[in-house]
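**Q** This is the structure I want to talk about, given as structure tokens.
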Amino acid sequence: MNKTTYIIHANIVMEDRIITNGFLQITDKKITIIDFMDNFPLLAGSEEIIDCQQQGYIIPGMIDIHVHGAVGYDFMDGDIESYEKIAKYLASEGVTAFLATTMSCPMVEIEAAIDALALYKKEQPEAVSEMIGIHLEGPFINRSKKGAQPEGAILKPDATQFNYLYEKSNRDIKLVTFAPEEDINFEFLQTLTDKNVIASIGHSDADYDMTNRAIKAGVTHATHLFNGMRGIHHRDPGVVGAVLLDEEVYVEIIPDNIHFHKDLLIMVHKLKGLTRMLVITDGMRAKGMPDGIYTLGGEEVEVFDNHCIQRKTGSLAGSVLNMNEARKNVEEWLHLSMIEQTHLVSLNQATHLGIADQKGSLAVGKDAEIVWLNADGEIEKTFCSGNIAFEKV
């Protein structure tokens, strides 16, 4: 018999409205009823009841499509037990689904990580954040915009090599960050679009014209906007100018006031609107850990005061940003409503990935991936596949 859970006396944030003093029923990992408490049914007595007492909000689980690791572990480690620990930690941030993100490393290491990720995805537990695919960040990027990516591992875009990795992943590579100016005749880009893999411009030194050509050929996404890409110049708007001016391209933002000045979010919001902005963390293994020395891509990274700095080059090397803190920053800096915030941390990601029929908002029939934010905006409980994956102590 399937367990039924009720979340009651809740303020439920839907795609276009908020149900105040409502309830939500979860059965067999799905949302089966959303309604007002006036219509709450008689219970049999065996149900699990969670009473929000109208404190805070019930929102859809957040989706982080660009995260490398947390709590001392990295998806490049190639270790399934490490992946479960990352996924468990992400639930504490209100993240219920994520793309495991790789980086430029020797191909043998990328292959090993993809093998392990493919195996993990088949057997992953339910009471942790769900890995919904892989984000391949590199190695097909531009050396001049490598950031913290190891230069010796960077390769020219190679369709044959990608096809091999794609099959090795059980066709679960969902998003690829690459430099289109390195892609001769856009052969690599064509391979991505043929497979319905999201093609993202990132770690790229393309000029404005090249970027626009790549967009016309199938690029629909920009990796960590402003970082690892040619910026705006008044005679060449660069990658940044092109992706901001195109109405269809989705842009990742890391709202930590470190990767870019927070006031630039106002410009991004004005140009992209609410439907093409994607909040990410770009979290690395130091996320959730004390300040100190960690590694990313085999290089030492010094972590202090929320900064992650590669010791060799001084480049930013990912972040330790918490997804819920990112949500709160966007709320404060852009003065967004709770409904608008959920679009930036959940619905847009699900829509772009083509899974909005399952995730990204609270609706009957969708996966029971739910977060209870308390009155202070902190994570009170996170539900993954209808199970409590995190609860505040």
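Chain labels A, B, ... are given in the sequence in which chains occur in the structure tokens; within each chain residues are numbered consecutively from 1, and ligands are likewise numbered from 1 in the order shown.
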Output as an NGL selection string all residues of stretch 56-260 of chain A that backbone DSSP marks as strand (DSSP E).

**A** :A and (57-60 or 62-67 or 69-70 or 73-74 or 95-101 or 130-137 or 173-178 or 198-201 or 221-222 or 250-253)

**Q** Go through stretch 60-163 of chain A and flag each residue having an atom no more than 8 Å from stretch 194-208 of chain A; for those, report the closest pair of atoms plus their distance in Å to one decimal, using only C-alpha atoms, ordered by chain and rising number, as a Markdown table.

**A**
| residue | atom | partner | partner_atom | distance |
| --- | --- | --- | --- | --- |
| A:Ile141 | CA | A:His203 | CA | 5.7 |
| A:Asn142 | CA | A:Ser204 | CA | 5.4 |
| A:Arg143 | CA | A:His203 | CA | 7.9 |
| A:Ser144 | CA | A:Asp205 | CA | 7.0 |
| A:Lys145 | CA | A:His203 | CA | 4.8 |
| A:Lys146 | CA | A:His203 | CA | 5.6 |
| A:Gly147 | CA | A:His203 | CA | 7.4 |

**Q** Please report, as a PyMOL selection string, each residue of stretch 170-289 of chain A to which DSSP assigns alpha helix (DSSP H) when run on this structure's backbone.

**A** chain A and resi 187-194+208-217+238-245+264-272

**Q** Which residues of stretch 143-260 of chain A have any atom within 7 Å of an atom in stretch 106-120 of chain A when counting only C-alpha atoms, and what is the closest pair of atoms for each, with the distance in Å to one decimal? Order the rows by chain and rising number and write it as CSV.

**A**
residue,atom,partner,partner_atom,distance
A:Ala153,CA,A:Pro106,CA,5.2
A:Leu165,CA,A:Glu111,CA,6.9
A:Lys168,CA,A:Asp115,CA,6.5
A:Ser169,CA,A:Ala118,CA,5.2
A:Asn170,CA,A:Ala118,CA,6.4

**Q** Would you kindly return, as an mmCIF file with N, CA, C and O atoms, in the first residue's frame, each protein, DNA or RNA residue with an atom no farther than 6 Å from any atom of stretch 83-94 of chain A, considering only C-alpha atoms and excluding same-chain residues fewer than 5 positions away?

**A**
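The new file out-v2.cif reads:
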data_model
loop_
_atom_site.group_PDB
_atom_site.id
_atom_site.type_symbol
_atom_site.label_atom_id
_atom_site.label_comp_id
_atom_site.auth_asym_id
_atom_site.auth_seq_id
_atom_site.Cartn_x
_atom_site.Cartn_y
_atom_site.Cartn_z
ATOM 1 N N GLY A 61 10.908 22.148 -5.549
ATOM 2 C CA GLY A 61 12.326 21.900 -5.338
ATOM 3 C C GLY A 61 13.160 22.638 -6.363
ATOM 4 O O GLY A 61 12.782 22.744 -7.538
ATOM 5 N N MET A 62 14.294 23.147 -5.933
ATOM 6 C CA MET A 62 15.173 23.889 -6.832
ATOM 7 C C MET A 62 16.016 22.930 -7.669
ATOM 8 O O MET A 62 16.248 21.782 -7.281
ATOM 9 N N ALA A 70 30.393 19.115 -3.542
ATOM 10 C CA ALA A 70 30.083 19.694 -2.225
ATOM 11 C C ALA A 70 30.651 18.770 -1.150
ATOM 12 O O ALA A 70 31.049 17.631 -1.439
ATOM 13 N N VAL A 128 17.317 11.571 -1.597
ATOM 14 C CA VAL A 128 18.359 12.582 -1.799
ATOM 15 C C VAL A 128 18.013 13.332 -3.079
ATOM 16 O O VAL A 128 17.139 12.916 -3.844
ATOM 17 N N SER A 129 18.701 14.435 -3.331
ATOM 18 C CA SER A 129 18.501 15.177 -4.571
ATOM 19 C C SER A 129 18.771 14.264 -5.764
ATOM 20 O O SER A 129 19.690 13.445 -5.757
ATOM 21 N N MET A 323 22.359 27.222 -2.821
ATOM 22 C CA MET A 323 21.280 27.558 -3.753
ATOM 23 C C MET A 323 20.187 28.392 -3.093
ATOM 24 O O MET A 323 19.629 29.303 -3.711
ATOM 25 N N ASN A 324 19.886 28.110 -1.831
ATOM 26 C CA ASN A 324 18.861 28.916 -1.172
ATOM 27 C C ASN A 324 19.360 30.329 -0.894
ATOM 28 O O ASN A 324 18.593 31.291 -0.959
ATOM 29 N N VAL A 371 9.872 21.927 -1.320
ATOM 30 C CA VAL A 371 10.661 22.561 -0.258
ATOM 31 C C VAL A 371 9.742 23.411 0.606
ATOM 32 O O VAL A 371 8.925 24.180 0.094
ATOM 33 N N THR A 382 12.939 19.403 3.016
ATOM 34 C CA THR A 382 13.023 19.148 1.580
ATOM 35 C C THR A 382 12.511 17.736 1.321
ATOM 36 O O THR A 382 12.930 16.788 1.986
ATOM 37 N N PHE A 390 15.641 16.149 3.831
ATOM 38 C CA PHE A 390 16.319 17.050 4.783
ATOM 39 C C PHE A 390 15.257 17.668 5.663
ATOM 40 O O PHE A 390 14.180 18.045 5.208
#

**Q** Out of A:Gly298, A:Val268, A:Asp183, A:Lys174, which residue has the shortest atom-to-atom distance to A:Leu155 when counting only C-alpha atoms?

**A**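 Result for the nearest residue to A:Leu155: A:Asp183.
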
**Q** Which polymer residues have any atom within 7 Å of an atom of stretch 19-29 of chain A, counting only C-alpha atoms, with same-chain residues fewer than 4 positions away left out, as an mmCIF file with N, CA and C atoms, in the first residue's frame?

**A**
data_model
loop_
_atom_site.group_PDB
_atom_site.id
_atom_site.type_symbol
_atom_site.label_atom_id
_atom_site.label_comp_id
_atom_site.auth_asym_id
_atom_site.auth_seq_id
_atom_site.Cartn_x
_atom_site.Cartn_y
_atom_site.Cartn_z
ATOM 1 N N ASN A 2 0.555 2.206 -0.865
ATOM 2 C CA ASN A 2 1.352 3.421 -0.966
ATOM 3 C C ASN A 2 1.108 4.348 0.227
ATOM 4 N N LYS A 3 2.188 4.891 0.746
ATOM 5 C CA LYS A 3 2.084 5.855 1.844
ATOM 6 C C LYS A 3 1.550 7.184 1.300
ATOM 7 N N THR A 4 0.676 7.799 2.073
ATOM 8 C CA THR A 4 0.152 9.116 1.704
ATOM 9 C C THR A 4 0.636 10.132 2.731
ATOM 10 N N THR A 5 1.137 11.251 2.221
ATOM 11 C CA THR A 5 1.601 12.344 3.082
ATOM 12 C C THR A 5 0.790 13.594 2.764
ATOM 13 N N TYR A 6 0.432 14.314 3.823
ATOM 14 C CA TYR A 6 -0.257 15.589 3.653
ATOM 15 C C TYR A 6 0.599 16.713 4.234
ATOM 16 N N ILE A 7 0.781 17.746 3.467
ATOM 17 C CA ILE A 7 1.365 18.994 3.961
ATOM 18 C C ILE A 7 0.188 19.954 4.106
ATOM 19 N N ILE A 8 -0.096 20.378 5.344
ATOM 20 C CA ILE A 8 -1.332 21.125 5.603
ATOM 21 C C ILE A 8 -1.043 22.531 6.148
ATOM 22 N N HIS A 9 -2.106 23.350 6.117
ATOM 23 C CA HIS A 9 -2.015 24.753 6.570
ATOM 24 C C HIS A 9 -0.776 25.416 5.960
ATOM 25 N N ALA A 10 -0.681 25.297 4.650
ATOM 26 C CA ALA A 10 0.520 25.744 3.934
ATOM 27 C C ALA A 10 0.186 26.862 2.952
ATOM 28 N N ASN A 11 1.166 27.726 2.730
ATOM 29 C CA ASN A 11 1.092 28.739 1.672
ATOM 30 C C ASN A 11 1.842 28.168 0.466
ATOM 31 N N ILE A 12 1.092 27.725 -0.523
ATOM 32 C CA ILE A 12 1.635 26.918 -1.622
ATOM 33 C C ILE A 12 1.866 27.798 -2.842
ATOM 34 N N VAL A 13 3.121 27.874 -3.263
ATOM 35 C CA VAL A 13 3.498 28.742 -4.384
ATOM 36 C C VAL A 13 3.362 27.964 -5.687
ATOM 37 N N ILE A 33 -2.964 15.919 -4.928
ATOM 38 C CA ILE A 33 -4.002 16.938 -4.693
ATOM 39 C C ILE A 33 -3.314 18.220 -4.227
ATOM 40 N N ILE A 34 -3.787 19.364 -4.727
ATOM 41 C CA ILE A 34 -3.464 20.682 -4.160
ATOM 42 C C ILE A 34 -4.789 21.411 -4.025
ATOM 43 N N ASP A 35 -5.102 21.872 -2.816
ATOM 44 C CA ASP A 35 -6.406 22.505 -2.608
ATOM 45 C C ASP A 35 -6.346 23.358 -1.339
ATOM 46 N N PHE A 36 -7.451 24.032 -1.059
ATOM 47 C CA PHE A 36 -7.570 24.831 0.161
ATOM 48 C C PHE A 36 -7.964 23.934 1.343
ATOM 49 N N MET A 37 -7.578 24.347 2.539
ATOM 50 C CA MET A 37 -7.885 23.560 3.740
ATOM 51 C C MET A 37 -9.393 23.392 3.940
ATOM 52 N N GLN A 54 0.785 27.704 8.521
ATOM 53 C CA GLN A 54 0.833 28.893 7.661
ATOM 54 C C GLN A 54 2.118 29.695 7.837
ATOM 55 N N ASP A 367 6.240 15.359 -10.059
ATOM 56 C CA ASP A 367 7.033 14.696 -9.026
ATOM 57 C C ASP A 367 6.923 15.460 -7.708
ATOM 58 N N ALA A 368 6.884 14.712 -6.622
ATOM 59 C CA ALA A 368 6.782 15.324 -5.289
ATOM 60 C C ALA A 368 8.165 15.779 -4.833
ATOM 61 N N SER A 385 11.334 12.854 -4.215
ATOM 62 C CA SER A 385 10.512 11.670 -4.547
ATOM 63 C C SER A 385 9.511 11.367 -3.440
ATOM 64 N N GLY A 386 8.977 12.427 -2.835
ATOM 65 C CA GLY A 386 7.971 12.277 -1.792
ATOM 66 C C GLY A 386 8.500 11.928 -0.418
#

**Q** Measuring between only C-alpha atoms, which one of A:Pro125, A:Gly56, A:Gly218, A:Gly297 shows the shortest distance to A:His68?

**A**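 Closest to A:His68, using only C-alpha atoms: A:Gly297.
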
**Q** Quick one: of A:Gln53, A:Met14, A:Ile253, A:Ile355, who's nearest to A:Gly133, counting only C-alpha atoms?

**A** A:Ile355

**Q** Taking only C-alpha atoms into account, name the residue in A:Leu274, A:Leu189, A:Leu42, A:Met229 that is nearest to A:Ala214.

**A**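 Of all the options, A:Leu189 lies closest to A:Ala214.
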
**Q** May I ask which of the residues A:Glu187, A:Ala97, A:Val240, A:Leu264 is the closest one to A:Asp209, counting only C-alpha atoms?

**A**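 Closest to A:Asp209, using only C-alpha atoms: A:Val240.
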
**Q** Would you compute the distance between atom CA of A:Ser346 and atom CA of A:Lys262? Give it in Å to one decimal.

**A** 20.6 Å

**Q** Hey, what's within 7 Å of A:Thr102 if we count only C-alpha atoms and toss same-chain stuff fewer than 3 positions away? As a list in words, please?

**A**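 Neighbouring residues, sequence-local ones excluded: His68, Phe75, Met76, His135, Leu136 and Glu137 of chain A.
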
**Q** Quick one: residues within 6 Å of A:Ser104, only C-alpha atoms, excluding same-chain residues fewer than 2 positions away - as a list in words?

**A**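 In the requested format, the answer is Gly138, Pro139, Gln149 and Ala153 of chain A.
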
**Q** Selected residues, C-alpha atoms, written as an mmCIF file, in the first residue's frame, please.

**A**
data_model
loop_
_atom_site.group_PDB
_atom_site.id
_atom_site.type_symbol
_atom_site.label_atom_id
_atom_site.label_comp_id
_atom_site.auth_asym_id
_atom_site.auth_seq_id
_atom_site.Cartn_x
_atom_site.Cartn_y
_atom_site.Cartn_z
ATOM 1 C CA GLY A 138 34.813 21.258 -21.272
ATOM 2 C CA PRO A 139 37.191 19.968 -22.413
ATOM 3 C CA GLN A 149 40.018 24.681 -16.172
ATOM 4 C CA ALA A 153 43.389 18.952 -20.801
#

**Q** Which residues are close to A:Glu325, i.e. within 9 Å by only C-alpha atoms, leaving aside same-chain residues fewer than 4 positions away? Reply as number ranges by chain.

**A** A: 93, 255-256, 321, 329-330, 378

**Q** Rank A:His335, A:Val71, A:Val95, A:Tyr294 by their smallest atom-to-atom distance to A:Gly360, using only C-alpha atoms, and report the top residue only.

**A**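 The closest residue to A:Gly360 is A:Val95.
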
**Q** What separation in Å, quoted to one decimal, exists between atom CA of A:Gly365 and atom CA of A:Thr220?

**A**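 Interatomic distance, atom CA of A:Gly365 to atom CA of A:Thr220: 28.5 Å.
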
**Q** So how far away is atom CA of A:His343 from atom CA of A:Leu316, in Å?

**A** 27.2 Å
